[in-house]
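Visitor: I'd like to ask you about the structure that follows.
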Amino acid sequence: MKTISKILIIAMTGYASVACQPSVGNTEQEATHRSSVAEVADMIVTNAKVSTMDEANSTADALAVKDGQVLATGSAEEMDAYRGENTQVIDANGRRVVPGLNDSHLHATRGGRFYNTELRWDGVNSLERGLQMIGEQAGRTPDGEWVRVIGGWSPYQFAERRMPTVPELNEAAPETPVFVLFLYSQGFLNAAGVKALGITENTEAPPGSRYEFIEGGAILHAEPNPTILYKTIGQLPGLSDEDQVNSTLHFYRDLNRFGLTSAIDAGGGGHLFPDNYGGSQVLAEDGELPIRISYYLFPQRPGQEHEDFADWTKNYEAGHNDDPSHDHGFELEGGGEFLVWSAGDFENFMAARPELADRGNWAEQLHQVASLLVENDWPLRIHATYGESLGQIMDVFEQINEEQGKFAPRWAIDHAETAREEDLQRIKAMGGGVAIQNRMAFAGEYFVDRYGAEAARNAPPVRRMLELDIPIGVGTDATRVSSYNPWVSLYWLVTGKTVGGTSLFGPENQLSREEALWLYTVGSAWFSQEEGQKGSLEAGQMADFALLSDDYFDVDEEAIKGLESVLTVVGGNVVYGAEEFAKLSPELPSISPDWSPVKYYGGYQTSEELTTRR
């Protein structure tokens, strides 16, 4: 791993140049001034509003980059001292520059593996349009393939504010199999899909789930066990190894489109390590990853988790980076978000809360696996939706801490929607963090129906976590239970609203825009042990940043969820460009296979009304 050098920080204002063109000094005075400076920048971004996210929350007019790190931020006049003959100077045209966003819980490698097969309803504002897309895609989908909508949407984002029906799916695609997943709560199969899977009235659903047959199709209910949904997804045809690489590259480009430069990958169900990591692994080893990924290992064999982790801790090194082009580029971080399946408290707010006490020897299984990880100094994280299960999980963790006189070198709770005061105090006492995601933005209405509006005011209790100085990372839990668009998550933190506009948070739990952005950048870096290395645009930190389509700090609250990046930079290299920076965007290979929905619709869908200025 490269050693981060100590870099001088200097302020800078007002230098203007032709956007994106290398600039050359043309006077003797300029040459003399620049020769007195030891460092020459590879890139200078000027005429900007740079949110550094430093402790003072300062704003600069420009920044300079050298060797993949921030060289300096400040005024353009002082930054001019770093301009050399080959420095690329980018005129930001007055745009806001923010540190690259870092999703602290995104199923990135799995998302890339399937991206080109999926029709995304993320951002679609009417069910009518969503069904029309299914019909259009069915017309180009070859025999043996499916039309699939795998999460990332809520019925409340639609004008109709409801789910699709089986008859509507049958009408949209009478001959092509269709599967539509709503979070990990329900799935919808058209008649052709039921026939393709061979499901009948006599098919037994996995425990904690059921089939509801309607006009030849079916609704799949997780109550609350999502195995029925995992199983269905697992039966759908996958992509070839070559197409998985292509799919991963295009998925990461869409993440870059929103200013994401880092993600912490929480593994995911139905996603085997190392077998299913090929798309990202190939890109990493070839130095072509446009995003930094720290990934956790998620066991796939219920009851055999200890065997899997014993193999992994023996044969793989936590902290190992497979990306030769970037520090922490594609790095194995630790174990989680599931450590044992028996401890999973599924977040289906359409069903009753699961009881860990009904799971037999779940505590013994968790104790065995977590003890192994602690013994081997592996970081860990664990899925815990409800305070009731979180308290029982902490009983196990505290016991291990007492037995070994230590705990994991970095550990975190994922989700924590109904974490209680006593849970937070225990996490704080053991030095843990909490990674929160905007799952409530997609399932909040169902949470309110079951637990009431009062319970939703602090679900999760992010303000109390901040008061206790617990490390917090922010993210999405995409791609299935939320969209991967980070600005929807930031919108949720700031407004407390779902994608359907339902107010959840009380005012006391809403964050300022500065606080939310800090958690999405500096805060998330803690969870991959990169605090002090990335998250802010201070000298010596990673040169990961984004120029925004509009000013996050100035637009109307409703417009936050419509923001995008027009220029995304990772390690000092442009990985995405749009609008006036489109020519800087690296070219991608054509989307494959040719029938991929992404070729025709892209990923996240945008609408003009989301980008209305104040």
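Just remember, in the structure tokens the first chain shown is A, the second B, etc., residues are 1-based per chain, and ligands are 1-based in the order shown.
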I want to know what sits within 9 Å of His250 in chain A, based on only C-alpha atoms, with residues of the same chain fewer than 3 positions away left out; could you give that as a list in words?
Guide: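 In the requested form, the answer reads Gly112, Tyr115, Asn116, Val245, Asn246, Ser247, Arg253, Asp254, Leu255, Leu588, Pro589, Ile591 and Val598 of chain A.
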Visitor: Any chance you could export the current selection's N, CA and C atoms as a PDB file, in the first residue's frame?
Guide:
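Generated output (again_15.pdb):
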```pdb
ATOM      1  N   GLY A 112     -23.411  -4.978  -9.472  1.00  0.00           N
ATOM      2  CA  GLY A 112     -22.749  -4.995 -10.770  1.00  0.00           C
ATOM      3  C   GLY A 112     -22.935  -6.304 -11.500  1.00  0.00           C
ATOM      4  N   TYR A 115     -26.593  -6.053 -12.942  1.00  0.00           N
ATOM      5  CA  TYR A 115     -27.110  -4.769 -13.413  1.00  0.00           C
ATOM      6  C   TYR A 115     -27.668  -4.833 -14.831  1.00  0.00           C
ATOM      7  N   ASN A 116     -26.941  -5.417 -15.763  1.00  0.00           N
ATOM      8  CA  ASN A 116     -27.383  -5.414 -17.159  1.00  0.00           C
ATOM      9  C   ASN A 116     -28.608  -6.281 -17.416  1.00  0.00           C
ATOM     10  N   VAL A 245     -18.524  -8.660 -16.353  1.00  0.00           N
ATOM     11  CA  VAL A 245     -17.538  -7.579 -16.321  1.00  0.00           C
ATOM     12  C   VAL A 245     -18.138  -6.322 -16.934  1.00  0.00           C
ATOM     13  N   ASN A 246     -18.783  -6.482 -18.085  1.00  0.00           N
ATOM     14  CA  ASN A 246     -19.422  -5.360 -18.763  1.00  0.00           C
ATOM     15  C   ASN A 246     -20.509  -4.757 -17.888  1.00  0.00           C
ATOM     16  N   SER A 247     -21.326  -5.604 -17.282  1.00  0.00           N
ATOM     17  CA  SER A 247     -22.406  -5.151 -16.415  1.00  0.00           C
ATOM     18  C   SER A 247     -21.871  -4.373 -15.221  1.00  0.00           C
ATOM     19  N   ARG A 253     -20.355   2.987 -13.457  1.00  0.00           N
ATOM     20  CA  ARG A 253     -20.487   4.280 -14.131  1.00  0.00           C
ATOM     21  C   ARG A 253     -21.734   5.012 -13.634  1.00  0.00           C
ATOM     22  N   ASP A 254     -22.839   4.293 -13.405  1.00  0.00           N
ATOM     23  CA  ASP A 254     -24.035   4.973 -12.917  1.00  0.00           C
ATOM     24  C   ASP A 254     -23.851   5.447 -11.480  1.00  0.00           C
ATOM     25  N   LEU A 255     -23.052   4.717 -10.687  1.00  0.00           N
ATOM     26  CA  LEU A 255     -22.722   5.215  -9.348  1.00  0.00           C
ATOM     27  C   LEU A 255     -21.893   6.493  -9.455  1.00  0.00           C
ATOM     28  N   LEU A 588     -16.926   3.797 -22.547  1.00  0.00           N
ATOM     29  CA  LEU A 588     -17.235   2.457 -22.081  1.00  0.00           C
ATOM     30  C   LEU A 588     -17.545   1.559 -23.270  1.00  0.00           C
ATOM     31  N   PRO A 589     -17.313   0.262 -23.135  1.00  0.00           N
ATOM     32  CA  PRO A 589     -17.738  -0.656 -24.201  1.00  0.00           C
ATOM     33  C   PRO A 589     -19.249  -0.672 -24.294  1.00  0.00           C
ATOM     34  N   ILE A 591     -23.015  -1.871 -24.157  1.00  0.00           N
ATOM     35  CA  ILE A 591     -23.678  -2.710 -23.168  1.00  0.00           C
ATOM     36  C   ILE A 591     -23.959  -4.085 -23.754  1.00  0.00           C
ATOM     37  N   VAL A 598     -30.696  -1.972 -19.696  1.00  0.00           N
ATOM     38  CA  VAL A 598     -29.856  -0.795 -19.457  1.00  0.00           C
ATOM     39  C   VAL A 598     -29.531  -0.089 -20.768  1.00  0.00           C
TER      40      VAL A 598
END
```
Visitor: Name all residues at most 10 Å from Asp42 in chain A (count only C-alpha atoms; drop same-chain ones fewer than 4 positions away) and give them as a PyMOL selection string.
Guide: chain A and resi 22+64-69+71+82-89+572-573
Visitor: Write a file of the just-selected residues containing N, CA and C atoms, as a compact mmCIF listing (two decimals), in the first residue's frame.
Guide:
```txt
# COMPACT_ATOMS: atom_id res chain seq x y z
N PRO A 22 -5.13 21.80 -20.56
CA PRO A 22 -3.86 22.08 -19.89
C PRO A 22 -3.47 23.53 -20.12
N ALA A 64 -6.12 21.75 -5.89
CA ALA A 64 -5.08 21.17 -6.74
C ALA A 64 -4.86 19.72 -6.35
N VAL A 65 -4.47 18.92 -7.32
CA VAL A 65 -4.29 17.48 -7.13
C VAL A 65 -2.93 17.07 -7.65
N LYS A 66 -2.26 16.19 -6.90
CA LYS A 66 -1.00 15.61 -7.36
C LYS A 66 -0.90 14.18 -6.86
N ASP A 67 -0.52 13.28 -7.76
CA ASP A 67 -0.31 11.88 -7.41
C ASP A 67 -1.51 11.26 -6.71
N GLY A 68 -2.70 11.63 -7.16
CA GLY A 68 -3.91 11.03 -6.64
C GLY A 68 -4.39 11.58 -5.32
N GLN A 69 -3.71 12.61 -4.80
CA GLN A 69 -4.09 13.20 -3.52
C GLN A 69 -4.35 14.69 -3.68
N LEU A 71 -3.51 18.23 -3.16
CA LEU A 71 -2.27 18.97 -2.89
C LEU A 71 -2.57 20.21 -2.07
N TYR A 82 0.97 26.34 -8.31
CA TYR A 82 1.14 24.90 -8.54
C TYR A 82 0.92 24.51 -10.00
N ARG A 83 0.63 25.48 -10.84
CA ARG A 83 0.33 25.18 -12.23
C ARG A 83 1.62 25.04 -13.04
N GLY A 84 1.75 23.92 -13.71
CA GLY A 84 2.91 23.68 -14.55
C GLY A 84 2.51 23.51 -16.00
N GLU A 85 3.47 23.16 -16.78
CA GLU A 85 3.26 23.06 -18.23
C GLU A 85 2.22 22.00 -18.58
N ASN A 86 2.18 20.92 -17.81
CA ASN A 86 1.27 19.82 -18.14
C ASN A 86 0.09 19.70 -17.17
N THR A 87 -0.12 20.72 -16.37
CA THR A 87 -1.24 20.67 -15.42
C THR A 87 -2.57 20.79 -16.16
N GLN A 88 -3.48 19.89 -15.88
CA GLN A 88 -4.83 19.98 -16.42
C GLN A 88 -5.62 20.95 -15.56
N VAL A 89 -6.12 22.00 -16.17
CA VAL A 89 -6.89 23.00 -15.44
C VAL A 89 -8.35 22.90 -15.86
N GLY A 572 -7.66 11.51 -8.54
CA GLY A 572 -7.14 12.51 -9.47
C GLY A 572 -7.43 12.22 -10.93
N ASN A 573 -8.19 11.17 -11.22
CA ASN A 573 -8.54 10.82 -12.59
C ASN A 573 -10.04 10.95 -12.81
```
Visitor: Of the candidates A:Glu422, A:Asn321, A:Arg113, A:Trp121, which one gets nearest to Glu242 in chain A if we count only C-alpha atoms?
Guide: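 Answer, going by the shortest atom-to-atom distance: A:Arg113.
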Visitor: Rounded to one decimal, what separation in Å do you get between CA of Ala138 in chain A and CA of Ile228 in chain A?
Guide: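 CA of Ala138 in chain A sits 24.0 Å away from CA of Ile228 in chain A.
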Visitor: Excluding Glu215 in chain A and its own-chain neighbours fewer than 4 positions away, which residues fall within 8 Å of it when counting only C-alpha atoms? Please give them as a list in words.
Guide: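 My list of contacting residues is Val166, Pro167 and Ala191 of chain A.
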Visitor: Would you give me, as a PyMOL selection string, the residues in range 325-504 of chain A that DSSP reads as alpha helix (DSSP H)?
Guide: chain A and resi 362-375+387-404+421-429+440-451+453-456+462-467+486-495
